[in-house]
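File shown here: coords.tsv, holding TSV, C-alpha atoms.
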chain	number	residue	atom	x	y	z
Y	146	MET	CA	-6.97	28.56	-16.54
Y	147	ASP	CA	-3.70	29.71	-14.98
Y	148	LYS	CA	-0.32	28.27	-15.86
Y	149	PHE	CA	-0.27	26.02	-12.80
Y	150	GLU	CA	-3.54	24.36	-13.67
Y	151	GLN	CA	-2.36	24.02	-17.24
Y	152	ALA	CA	0.84	22.35	-16.04
Y	153	PHE	CA	-1.18	19.93	-13.91
Y	154	ASN	CA	-3.50	19.07	-16.79
Y	155	ASP	CA	-0.50	18.45	-19.04
Y	156	ILE	CA	1.02	16.06	-16.52
Y	157	ILE	CA	-2.21	14.08	-16.39
Y	158	ALA	CA	-2.71	14.10	-20.17
Y	159	LYS	CA	0.84	12.92	-20.85
Y	160	GLU	CA	0.66	10.29	-18.10
Y	161	LEU	CA	3.58	11.83	-16.24
Y	162	LYS	CA	3.67	12.00	-12.44
Y	163	VAL	CA	2.45	14.72	-10.12
Y	164	GLU	CA	5.00	15.37	-7.36
Y	165	PRO	CA	4.30	16.70	-3.84
Y	166	ARG	CA	5.30	20.31	-4.49
Y	167	ASP	CA	3.50	20.58	-7.83
Y	168	TRP	CA	0.29	22.54	-7.97
Y	169	MET	CA	-2.74	20.26	-7.86
Y	170	PRO	CA	-6.47	20.88	-7.60
Y	171	GLN	CA	-7.71	20.82	-4.02
Y	172	LYS	CA	-10.13	18.02	-4.88
Y	173	TYR	CA	-7.32	15.92	-6.31
Y	174	ARG	CA	-5.40	16.39	-3.08
Y	175	GLU	CA	-8.44	15.55	-0.96
Y	176	HIS	CA	-9.26	12.48	-3.02
Y	177	LEU	CA	-5.72	11.18	-2.61
Y	178	ILE	CA	-5.60	11.87	1.11
Y	179	ARG	CA	-8.84	9.95	1.54
Y	180	GLN	CA	-7.75	7.05	-0.64
Y	181	VAL	CA	-4.16	6.75	0.59
Y	182	SER	CA	-5.03	7.09	4.28
Y	183	GLN	CA	-7.74	4.46	3.85
Y	184	HIS	CA	-5.19	2.24	2.13
Y	185	ALA	CA	-2.69	2.80	4.97
Y	186	HIS	CA	-5.27	2.10	7.67
Y	187	SER	CA	-6.21	-1.12	5.85
Y	188	GLU	CA	-2.64	-2.37	6.02
Y	189	ILE	CA	-2.42	-1.60	9.72
Y	190	ILE	CA	-5.85	-2.91	10.73
Y	191	GLY	CA	-5.19	-5.92	8.48
Y	192	MET	CA	-2.49	-7.03	10.89
Y	193	GLN	CA	-5.12	-7.88	13.50
Y	194	PRO	CA	-6.95	-10.82	11.87
Y	195	GLU	CA	-3.57	-12.42	11.18
Y	196	GLY	CA	-2.09	-11.55	14.55
Y	197	ASN	CA	-4.96	-13.61	15.93
Y	198	TRP	CA	-3.18	-16.79	14.72
Y	199	LEU	CA	0.41	-15.87	15.47
Y	200	LEU	CA	0.56	-17.66	18.81
Y	201	ARG	CA	-1.40	-20.62	17.47
Y	202	ALA	CA	0.46	-21.23	14.21
Y	203	PRO	CA	0.80	-25.00	13.68
Y	204	SER	CA	4.60	-25.02	13.28
Y	205	LEU	CA	7.62	-22.85	13.90
Y	206	ARG	CA	8.01	-22.38	10.14
Y	207	ALA	CA	4.40	-21.27	9.78
Y	208	LYS	CA	4.85	-18.87	12.67
Y	209	GLN	CA	8.03	-17.33	11.21
Y	210	VAL	CA	6.35	-16.86	7.85
Y	211	LEU	CA	3.23	-15.33	9.34
Y	212	LEU	CA	5.29	-12.99	11.49
Y	213	ALA	CA	7.28	-11.85	8.46
Y	214	LYS	CA	4.09	-11.23	6.53
Y	215	ILE	CA	2.51	-9.21	9.34
Y	216	GLN	CA	5.72	-7.19	9.62
Y	217	ASP	CA	5.47	-6.45	5.90
Y	218	GLU	CA	1.90	-5.20	6.37
Y	219	ALA	CA	3.13	-2.81	9.05
Y	220	GLY	CA	5.78	-1.60	6.62
Y	221	HIS	CA	3.20	-1.10	3.89
Y	222	GLY	CA	1.09	0.94	6.24
Y	223	LEU	CA	4.09	3.13	7.03
Y	224	TYR	CA	4.99	3.66	3.36
Y	225	LEU	CA	1.43	4.75	2.73
Y	226	TYR	CA	1.24	7.08	5.72
Y	227	SER	CA	4.40	8.70	4.35
Y	228	VAL	CA	2.71	9.15	0.98
Y	229	ALA	CA	-0.31	10.78	2.61
Y	230	GLU	CA	1.96	13.06	4.62
Y	231	THR	CA	3.41	14.49	1.42
Y	232	LEU	CA	-0.12	15.76	0.71
Y	233	GLY	CA	-0.22	17.82	3.87
Y	234	ILE	CA	-1.90	15.65	6.50
Y	235	SER	CA	-0.02	14.46	9.59
Y	236	ARG	CA	0.15	10.91	10.84
Y	237	GLN	CA	-1.47	12.04	14.05
Y	238	GLU	CA	-4.44	13.51	12.17
Y	239	MET	CA	-4.85	10.31	10.21
Y	240	ASN	CA	-4.88	8.26	13.40
Y	241	GLN	CA	-7.41	10.64	14.89
Y	242	GLN	CA	-9.66	10.34	11.83
Y	243	LEU	CA	-9.46	6.56	12.09
Y	244	HIS	CA	-10.37	6.65	15.77
Y	245	ASP	CA	-13.21	9.08	15.15
Y	246	GLY	CA	-14.62	6.83	12.44
Y	247	LYS	CA	-14.10	9.53	9.80
Y	248	ALA	CA	-11.47	7.52	7.92
Y	249	LYS	CA	-12.32	4.02	6.78
Y	250	TYR	CA	-10.29	0.91	6.10
Y	251	SER	CA	-11.04	-2.06	3.92
Y	252	SER	CA	-14.17	-3.83	5.14
Y	253	ILE	CA	-12.64	-7.25	4.63
Y	254	PHE	CA	-10.77	-6.89	7.92
Y	255	ASN	CA	-14.02	-6.70	9.81
Y	256	TYR	CA	-14.52	-10.41	9.29
Y	257	PRO	CA	-13.13	-12.82	11.89
Y	258	THR	CA	-10.41	-15.40	11.19
Y	259	LEU	CA	-11.90	-18.50	12.74
Y	260	THR	CA	-9.55	-21.32	11.71
Y	261	TRP	CA	-5.98	-21.78	10.50
Y	262	ALA	CA	-7.36	-22.24	6.98
Y	263	ASP	CA	-8.46	-18.60	7.18
Y	264	MET	CA	-4.77	-17.65	7.20
Y	265	GLY	CA	-4.56	-19.42	3.87
Y	266	ALA	CA	-7.69	-17.76	2.51
Y	267	VAL	CA	-6.56	-14.32	3.64
Y	268	GLY	CA	-3.20	-14.64	1.88
Y	269	TRP	CA	-4.62	-16.26	-1.22
Y	270	LEU	CA	-7.81	-14.22	-1.67
Y	271	VAL	CA	-7.50	-11.01	0.34
Y	272	ASP	CA	-3.86	-10.36	-0.54
Y	273	GLY	CA	-4.55	-11.70	-4.02
Y	274	ALA	CA	-7.31	-9.15	-4.55
Y	275	ALA	CA	-5.18	-6.39	-3.02
Y	276	ILE	CA	-2.32	-7.25	-5.38
Y	277	VAL	CA	-4.53	-6.96	-8.47
Y	278	ASN	CA	-5.57	-3.52	-7.28
Y	279	GLN	CA	-2.07	-2.47	-6.29
Y	280	VAL	CA	-0.43	-3.61	-9.51
Y	281	SER	CA	-2.83	-1.31	-11.31
Y	282	LEU	CA	-2.03	1.53	-8.89
Y	283	GLN	CA	1.67	1.34	-9.73
Y	284	ARG	CA	0.72	3.56	-12.67
Y	285	THR	CA	-1.27	6.07	-10.60
Y	286	SER	CA	-0.65	9.74	-11.40
Y	287	TYR	CA	0.67	10.75	-7.96
Y	288	GLY	CA	4.41	10.03	-7.92
Y	289	PRO	CA	4.92	9.09	-4.26
Y	290	TYR	CA	1.87	6.78	-4.33
Y	291	ALA	CA	3.11	5.08	-7.50
Y	292	ARG	CA	6.56	4.53	-5.99
Y	293	GLY	CA	5.03	3.16	-2.81
Y	294	MET	CA	2.97	0.72	-4.84
Y	295	VAL	CA	6.02	-0.56	-6.71
Y	296	ARG	CA	7.73	-1.32	-3.43
Y	297	ILE	CA	4.61	-2.88	-1.94
Y	298	CYS	CA	3.95	-5.10	-4.95
Y	299	LYS	CA	7.50	-6.40	-4.85
Y	300	GLU	CA	7.03	-7.46	-1.24
Y	301	GLU	CA	3.45	-8.60	-1.53
Y	302	SER	CA	3.94	-11.44	-3.95
Y	303	PHE	CA	5.24	-13.70	-1.18
Y	304	HIS	CA	2.07	-13.05	0.78
Y	305	GLN	CA	-0.23	-14.60	-1.76
Y	306	ARG	CA	2.06	-17.58	-2.27
Y	307	GLN	CA	2.32	-18.31	1.43
Y	308	GLY	CA	-1.48	-18.16	1.62
Y	309	TYR	CA	-1.85	-20.57	-1.27
Y	310	GLU	CA	0.68	-22.89	0.33
Y	311	ILE	CA	-1.49	-23.06	3.45
Y	312	MET	CA	-4.54	-23.73	1.25
Y	313	MET	CA	-2.67	-26.60	-0.45
Y	314	GLN	CA	-1.64	-28.10	2.87
Y	315	MET	CA	-5.24	-27.96	4.08
Y	316	ALA	CA	-6.96	-28.98	0.84
Y	317	PHE	CA	-4.64	-31.96	0.30
Y	318	GLY	CA	-4.64	-32.91	4.00
Y	319	THR	CA	-7.18	-34.87	6.03
Y	320	PRO	CA	-10.91	-34.66	5.15
Y	321	GLU	CA	-11.37	-32.37	8.16
Y	322	GLN	CA	-8.62	-30.07	6.92
Y	323	LYS	CA	-10.11	-30.00	3.45
Y	324	GLU	CA	-13.47	-29.13	4.95
Y	325	MET	CA	-11.84	-26.26	6.83
Y	326	ALA	CA	-10.25	-25.02	3.61
Y	327	GLN	CA	-13.62	-25.13	1.83
Y	328	ASP	CA	-15.27	-23.33	4.72
Y	329	ALA	CA	-12.64	-20.58	4.61
Y	330	LEU	CA	-13.16	-20.16	0.86
Y	331	ASN	CA	-16.92	-20.04	1.40
Y	332	ARG	CA	-16.65	-17.24	3.91
Y	333	PHE	CA	-13.98	-15.16	2.17
Y	334	TRP	CA	-15.01	-15.45	-1.49
Y	335	PHE	CA	-17.68	-12.77	-1.77
Y	336	PRO	CA	-16.13	-10.35	0.74
Y	337	SER	CA	-12.88	-10.57	-1.28
Y	338	LEU	CA	-14.71	-9.75	-4.50
Y	339	MET	CA	-16.42	-6.81	-2.85
Y	340	MET	CA	-13.00	-5.46	-1.83
Y	341	PHE	CA	-12.81	-4.00	-5.32
Y	342	GLY	CA	-15.61	-1.63	-4.39
Y	343	PRO	CA	-19.01	-0.85	-5.88
Y	344	HIS	CA	-19.84	-1.56	-9.52
Y	345	ASP	CA	-18.51	1.08	-11.89
Y	346	ALA	CA	-21.98	2.49	-12.46
Y	347	ASP	CA	-22.51	3.02	-8.72
Y	348	SER	CA	-19.07	4.18	-7.67
Y	349	ALA	CA	-19.25	7.75	-6.45
Y	350	HIS	CA	-15.53	8.47	-6.47
Y	351	SER	CA	-14.40	6.35	-9.38
Y	352	SER	CA	-15.09	8.42	-12.46
Y	353	GLN	CA	-13.31	11.56	-11.30
Y	354	ALA	CA	-10.43	9.44	-10.01
Y	355	MET	CA	-10.11	7.88	-13.45
Y	356	LYS	CA	-10.10	11.28	-15.16
Y	357	TRP	CA	-7.23	12.27	-12.90
Y	358	LYS	CA	-5.58	8.88	-13.50
Y	359	ILE	CA	-5.43	8.23	-9.80
Y	360	LYS	CA	-7.25	5.06	-10.73
Y	361	ILE	CA	-6.16	3.45	-13.96
Y	362	GLU	CA	-8.58	0.56	-14.24
Y	363	SER	CA	-12.15	0.32	-13.03
Y	364	ASN	CA	-13.47	-1.67	-10.06
Y	365	ASP	CA	-15.36	-4.12	-12.26
Y	366	TYR	CA	-12.45	-4.66	-14.64
Y	367	LEU	CA	-10.06	-5.45	-11.79
Y	368	ARG	CA	-12.60	-7.64	-10.01
Y	369	GLN	CA	-13.15	-9.69	-13.16
Y	370	LYS	CA	-9.42	-10.07	-13.63
Y	371	PHE	CA	-9.13	-11.43	-10.11
Y	372	ILE	CA	-12.04	-13.86	-10.58
Y	373	ASP	CA	-10.55	-15.17	-13.82
Y	374	HIS	CA	-7.20	-15.89	-12.14
Y	375	THR	CA	-8.62	-17.36	-9.02
Y	376	VAL	CA	-11.19	-19.86	-10.26
Y	377	LYS	CA	-8.44	-22.02	-11.77
Y	378	GLN	CA	-6.47	-21.87	-8.54
Y	379	ALA	CA	-9.53	-23.12	-6.63
Y	380	ASP	CA	-9.93	-25.94	-9.18
Y	381	TYR	CA	-6.36	-27.03	-8.56
Y	382	LEU	CA	-7.09	-27.25	-4.85
Y	383	GLY	CA	-10.20	-29.34	-5.55
Y	384	LEU	CA	-12.30	-26.70	-3.80
Y	385	THR	CA	-15.61	-25.31	-5.01
Y	386	ILE	CA	-16.21	-21.61	-5.58
Y	387	PRO	CA	-19.28	-20.92	-3.42
Y	388	ASP	CA	-21.27	-19.48	-6.30
Y	389	PRO	CA	-23.40	-21.75	-8.52
Y	390	LEU	CA	-23.35	-19.15	-11.31
Y	391	CYS	CA	-19.56	-19.01	-11.38
Y	392	LYS	CA	-19.06	-20.67	-14.79
Y	393	TRP	CA	-16.88	-19.99	-17.80
Y	394	ASN	CA	-18.71	-17.84	-20.33
Y	395	GLU	CA	-17.51	-18.45	-23.90
Y	396	ALA	CA	-19.20	-15.31	-25.17
Y	397	THR	CA	-17.53	-12.88	-22.75
Y	398	GLY	CA	-14.31	-14.83	-22.30
Y	399	HIS	CA	-14.70	-14.49	-18.53
Y	400	TYR	CA	-16.19	-16.31	-15.56
Y	401	ASP	CA	-19.69	-15.21	-14.62
Y	402	HIS	CA	-20.70	-14.49	-11.04
Y	403	SER	CA	-23.90	-14.04	-9.04
Y	404	PRO	CA	-25.02	-10.57	-8.02
Y	405	PHE	CA	-23.29	-9.42	-4.86
Y	406	ASP	CA	-24.99	-8.70	-1.58
Y	407	TRP	CA	-24.26	-4.99	-1.46
Y	408	ASP	CA	-26.53	-4.54	1.55
Y	409	GLU	CA	-24.13	-6.66	3.52
Y	410	PHE	CA	-21.16	-4.76	2.11
Y	411	TRP	CA	-22.55	-1.36	3.12
Y	412	ASN	CA	-23.68	-2.71	6.44
Y	413	VAL	CA	-20.09	-3.72	7.20
Y	414	VAL	CA	-18.66	-0.47	5.80
Y	415	ASN	CA	-21.02	1.44	8.05
Y	416	GLY	CA	-19.73	-0.25	11.16
Y	417	ASN	CA	-21.96	-3.26	11.66
Y	418	GLY	CA	-19.67	-6.10	10.58
Y	419	PRO	CA	-18.73	-8.86	12.99
Y	420	CYS	CA	-15.46	-7.24	14.10
Y	421	ASN	CA	-15.67	-3.48	13.39
Y	422	ALA	CA	-15.81	-2.47	17.03
Y	423	GLU	CA	-13.15	-4.97	18.07
Y	424	ARG	CA	-10.68	-3.81	15.40
Y	425	LEU	CA	-11.05	-0.14	16.23
Y	426	ASP	CA	-11.05	-0.66	19.99
Y	427	HIS	CA	-7.86	-2.67	19.73
Y	428	HIS	CA	-6.18	0.04	17.65
Y	429	LYS	CA	-7.18	2.73	20.15
Y	430	LYS	CA	-6.12	0.62	23.12
Y	431	VAL	CA	-2.66	-0.08	21.70
Y	432	HIS	CA	-2.22	3.56	20.78
Y	433	ASN	CA	-3.16	4.68	24.29
Y	434	ASP	CA	-1.22	1.92	26.05
Y	435	ASN	CA	1.90	3.01	24.18
Y	436	LYS	CA	1.59	6.64	25.11
Y	437	TRP	CA	4.25	6.31	27.81
Y	438	VAL	CA	6.67	4.89	25.25
Y	439	ARG	CA	6.27	7.94	23.02
Y	440	GLU	CA	6.68	10.23	26.01
Y	441	ALA	CA	9.79	8.40	27.18
Y	442	ALA	CA	11.26	8.50	23.66
Y	443	ALA	CA	10.62	12.24	23.44
Y	444	ALA	CA	12.19	12.85	26.86
Y	445	TYR	CA	15.19	10.69	25.99
Y	446	ALA	CA	15.71	12.48	22.69
Y	447	LEU	CA	15.58	15.84	24.45
Y	448	LYS	CA	18.34	14.69	26.77
Y	449	THR	CA	20.59	12.97	24.27
Y	450	GLU	CA	20.12	14.66	20.89
Y	451	THR	CA	22.18	17.80	20.76
Y	452	GLN	CA	22.49	19.06	17.22
Y	453	VAL	CA	19.14	17.93	15.89
Y	454	ALA	CA	16.81	20.88	15.70
H	173	MET	CA	3.07	16.02	14.76
H	174	GLU	CA	3.26	14.66	18.26
H	175	SER	CA	5.96	16.29	20.34
H	176	GLY	CA	9.41	14.83	19.70
H	177	ASP	CA	8.30	12.80	16.68
H	178	LYS	CA	10.37	13.72	13.64
H	179	VAL	CA	10.59	12.72	10.00
H	180	TRP	CA	13.92	11.40	8.69
H	181	GLU	CA	14.68	10.83	5.03
H	182	VAL	CA	16.34	7.49	4.35
H	183	PHE	CA	19.13	6.70	1.87
H	184	VAL	CA	20.34	3.16	1.25
H	185	GLN	CA	23.42	1.80	-0.45
H	186	LYS	CA	22.75	-1.70	-1.66
H	187	LYS	CA	26.29	-2.77	-2.54
H	188	ALA	CA	29.75	-1.25	-2.37
H	189	GLY	CA	30.30	0.77	-5.51
H	190	LEU	CA	26.67	1.77	-5.94
H	191	PRO	CA	25.38	5.25	-5.09
H	192	PHE	CA	23.18	5.88	-2.07
H	193	LYS	CA	19.57	6.05	-3.14
H	194	HIS	CA	16.68	7.83	-1.49
H	195	VAL	CA	14.14	5.16	-0.54
H	196	GLY	CA	11.58	7.03	1.57
H	197	ASN	CA	11.29	8.26	5.12
H	198	VAL	CA	10.66	7.12	8.69
H	199	HIS	CA	9.35	8.68	11.85
H	200	ALA	CA	11.63	8.53	14.89
H	201	TYR	CA	12.45	10.47	18.02
H	202	ASP	CA	16.24	10.27	17.86
H	203	LYS	CA	19.09	9.23	15.55
H	204	LYS	CA	19.47	5.74	16.87
H	205	MET	CA	15.76	5.05	16.58
H	206	ALA	CA	15.75	6.55	13.09
H	207	VAL	CA	18.50	4.21	11.95
H	208	GLN	CA	16.79	1.17	13.48
H	209	ASN	CA	13.38	2.08	12.08
H	210	ALA	CA	14.92	2.65	8.66
H	211	ARG	CA	16.58	-0.77	8.80
H	212	ASP	CA	13.31	-2.46	9.77
H	213	LEU	CA	11.33	-0.62	7.13
H	214	TYR	CA	13.63	-0.50	4.12
H	215	THR	CA	16.14	-3.34	4.38
H	216	ARG	CA	14.22	-6.42	5.42
H	217	ARG	CA	15.37	-8.37	2.38
H	218	GLY	CA	19.05	-7.67	2.17
H	219	GLU	CA	18.62	-4.39	0.31
H	220	GLY	CA	21.28	-2.60	2.30
H	221	ARG	CA	24.92	-2.58	3.29
H	222	GLU	CA	24.92	1.07	4.34
H	223	LEU	CA	22.21	3.44	5.38
H	224	TRP	CA	21.90	7.17	6.03
H	225	VAL	CA	19.11	9.00	7.80
H	226	VAL	CA	18.79	12.77	7.53
H	227	PRO	CA	16.34	14.96	9.46
H	228	ALA	CA	13.85	16.00	6.78
H	229	ASP	CA	13.92	19.60	7.95
H	230	ALA	CA	17.69	19.72	7.32
H	231	ILE	CA	17.17	19.22	3.59
H	232	VAL	CA	17.31	22.38	1.53
H	233	CYS	CA	15.47	22.54	-1.76
H	234	VAL	CA	14.93	24.94	-4.61
H	235	GLY	CA	11.73	26.92	-4.30
H	236	LEU	CA	9.16	25.68	-6.74
H	237	ASP	CA	8.44	29.14	-8.19
H	238	GLU	CA	12.15	29.68	-8.84
H	239	ALA	CA	12.81	26.23	-10.29
H	240	ASP	CA	12.35	27.25	-13.93
H	241	ALA	CA	14.74	30.18	-13.70
H	242	PHE	CA	17.09	28.24	-11.48
H	243	PHE	CA	17.67	25.47	-13.99
H	244	ASP	CA	17.29	27.70	-17.02
H	245	PRO	CA	21.05	28.35	-17.60
H	246	ALA	CA	21.45	24.72	-18.71
H	247	ASP	CA	18.74	24.95	-21.35
H	248	ASP	CA	20.78	26.61	-24.13
H	249	LYS	CA	24.13	24.89	-23.77
H	250	VAL	CA	23.90	22.02	-26.20
H	251	TYR	CA	27.68	22.20	-26.66
H	252	ARG	CA	27.99	20.46	-23.30
H	253	HIS	CA	26.83	17.24	-24.97
H	254	PRO	CA	29.11	15.02	-27.06
H	255	THR	CA	26.53	14.80	-29.85
H	256	PHE	CA	27.00	18.53	-30.54
H	257	TYR	CA	30.29	17.79	-32.34
H	258	ASP	CA	30.65	16.19	-35.77
H	259	ILE	CA	33.50	13.73	-35.88
H	260	PRO	CA	34.15	12.02	-39.24
H	261	ASP	CA	33.63	8.24	-39.39
H	262	GLY	CA	37.28	7.72	-40.36
H	263	VAL	CA	38.43	8.84	-36.94
H	264	GLY	CA	37.08	5.69	-35.38
H	265	HIS	CA	35.70	5.33	-31.86
H	266	MET	CA	35.84	8.49	-29.79

Any chance you could put this one into structure tokens?
Amino acid sequence: MDKFEQAFNDIIAKELKVEPRDWMPQKYREHLIRQVSQHAHSEIIGMQPEGNWLLRAPSLRAKQVLLAKIQDEAGHGLYLYSVAETLGISRQEMNQQLHDGKAKYSSIFNYPTLTWADMGAVGWLVDGAAIVNQVSLQRTSYGPYARGMVRICKEESFHQRQGYEIMMQMAFGTPEQKEMAQDALNRFWFPSLMMFGPHDADSAHSSQAMKWKIKIESNDYLRQKFIDHTVKQADYLGLTIPDPLCKWNEATGHYDHSPFDWDEFWNVVNGNGPCNAERLDHHKKVHNDNKWVREAAAAYALKTETQVA
Amino acid sequence: MESGDKVWEVFVQKKAGLPFKHVGNVHAYDKKMAVQNARDLYTRRGEGRELWVVPADAIVCVGLDEADAFFDPADDKVYRHPTFYDIPDGVGHM
């Protein structure tokens, strides 16, 4: 083992941070590029299901809030692309990988947002699940990723609250509104739980990532933590978790859950969810439609920027 | 990187009297766009009263292989710290 590898191993063992110019194993770098770019793409693609309701928000206040939240998601995507860039991949390459289907994003965004209550469920459950994961990642071993997570978590906490506020308005509203809220919970519950990824025993990337302390806590641990928080929040709303086996278990000190439909999960990951094609097509279209803007900006900079190399 | 697209490092001063702090970077094609993008990305919640952007390629850093030797002269100069000196209790606060 050379001194660089030794230095890297020491950083990991002492729970210090690896910084961009430090030596790191190629596999560590590749794992991070894959994970961080996927995380970034999720933030960006995640703007679409919410953008769907922007022009139909039920009040000016709701619209302002939703717009601010979507803007935050764009920002989170940009922080994460910056993190990935420190590992030696360009933003353009990442976009290309997304468009070629080589890079993934969170499957949850391949589900449609059918009613206004879905904006509540997305904030409450999807952002809620993401927060549990991201809080854990604040301690990840790669310095720039950890710093990005701190910033993201600080901003993200409003997202979950605004989602829960929508759920309260719907659940405590008319019977039709309450029905909509229940329907949104029914559709988003299991997909949100599957956001945490495969069970620990089946997770191909997890164990090495935990050795490197890229991941600090396992998929199942984080998922359970999320379930335990969320069941009480559903109770408060007077809504029913769409899982008959979801009951408090004295012995484990946790809520139980039914087995997940992993066939559906993988089917959506592999491109066959209700909105996969739509999400990707939209991203490509916007990127191509804006080509003239990038060209104009480059031409303008060439004309006006003198001292910038 | 796409032609014309550049990376700018961003520094923000939150309040008068505080130092500028590196907060991250943005992509932009020119200075004005860099400043606007930095505002939209890093100061959406009143985090800034002043902001600098610097082309990333204008930043000079110490080569990683030389870093140990570069900072080494400071390693053996404990007398630069106040705790190096013994001052009797009777002297009072110093």

Test item: chain Y residues at most 8 Å from chain H, counting only C-alpha atoms, as a ChimeraX atom specification: /Y:166-167,220,223-224,227,235-237,442-444,446-447,450,453

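Nearest to Phe192 of chain H of all the residues H:Glu222, H:Ala241, H:Trp180, H:Arg211 is H:Glu222, counting all atoms listed in the file.
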
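Taking all atoms listed in the file into account, Met312 of chain Y lies nearest to Y:Leu270 out of the set Y:Leu270, Y:Ile190, Y:Ile297, Y:Cys391.
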
Among the residues Y:Ser204, Y:Thr260, Y:Gln171, Y:Ser348, the one that comes closest to Ala326 of chain Y [using all atoms listed in the file]: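 Closest residue, counting all atoms listed in the file: Y:Thr260.
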
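The space between atom CA of Phe410 of chain Y and atom CA of Ile253 of chain Y spans 9.2 Å.
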
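Between Pro191 of chain H and the candidates H:Asn209, H:Thr215, H:Leu223, H:Val232, the tightest atom-to-atom separation, counting all atoms listed in the file, involves H:Leu223.
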
Interatomic distance, atom CA of Gln283 of chain Y to atom CA of Val295 of chain Y (Å, one decimal): 5.6 Å

Distance in Å - atom CA of Asn278 of chain Y versus atom CA of Phe341 of chain Y: 7.5 Å

Given the block above, output segment 203-235 of chain H with C-alpha atoms as an mmCIF file, in the first residue's frame.
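Just written: selection.cif:
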data_model
loop_
_atom_site.group_PDB
_atom_site.id
_atom_site.type_symbol
_atom_site.label_atom_id
_atom_site.label_comp_id
_atom_site.auth_asym_id
_atom_site.auth_seq_id
_atom_site.Cartn_x
_atom_site.Cartn_y
_atom_site.Cartn_z
ATOM 1 C CA LYS H 203 -19.483 38.433 -15.040
ATOM 2 C CA LYS H 204 -22.954 39.855 -14.866
ATOM 3 C CA MET H 205 -24.551 36.463 -15.316
ATOM 4 C CA ALA H 206 -22.179 34.999 -12.740
ATOM 5 C CA VAL H 207 -23.225 37.568 -10.155
ATOM 6 C CA GLN H 208 -26.923 37.054 -10.884
ATOM 7 C CA ASN H 209 -26.662 33.270 -10.838
ATOM 8 C CA ALA H 210 -24.724 33.422 -7.584
ATOM 9 C CA ARG H 211 -27.424 35.616 -6.046
ATOM 10 C CA ASP H 212 -30.170 33.229 -7.149
ATOM 11 C CA LEU H 213 -28.298 30.175 -5.966
ATOM 12 C CA TYR H 214 -26.675 31.251 -2.709
ATOM 13 C CA THR H 215 -28.636 34.177 -1.271
ATOM 14 C CA ARG H 216 -32.302 33.302 -1.593
ATOM 15 C CA ARG H 217 -32.894 33.687 2.133
ATOM 16 C CA GLY H 218 -31.152 36.891 3.025
ATOM 17 C CA GLU H 219 -27.736 35.264 3.402
ATOM 18 C CA GLY H 220 -25.913 38.077 1.667
ATOM 19 C CA ARG H 221 -25.141 41.773 1.715
ATOM 20 C CA GLU H 222 -22.100 41.476 -0.538
ATOM 21 C CA LEU H 223 -20.997 38.893 -3.028
ATOM 22 C CA TRP H 224 -17.858 38.168 -5.035
ATOM 23 C CA VAL H 225 -17.474 35.858 -8.006
ATOM 24 C CA VAL H 226 -14.042 34.800 -9.202
ATOM 25 C CA PRO H 227 -13.273 32.798 -12.355
ATOM 26 C CA ALA H 228 -12.270 29.400 -10.977
ATOM 27 C CA ASP H 229 -9.280 29.211 -13.299
ATOM 28 C CA ALA H 230 -7.927 32.457 -11.802
ATOM 29 C CA ILE H 231 -7.472 30.800 -8.408
ATOM 30 C CA VAL H 232 -3.949 29.664 -7.666
ATOM 31 C CA CYS H 233 -3.384 26.821 -5.253
ATOM 32 C CA VAL H 234 -0.518 24.924 -3.703
ATOM 33 C CA GLY H 235 0.296 21.714 -5.523
#
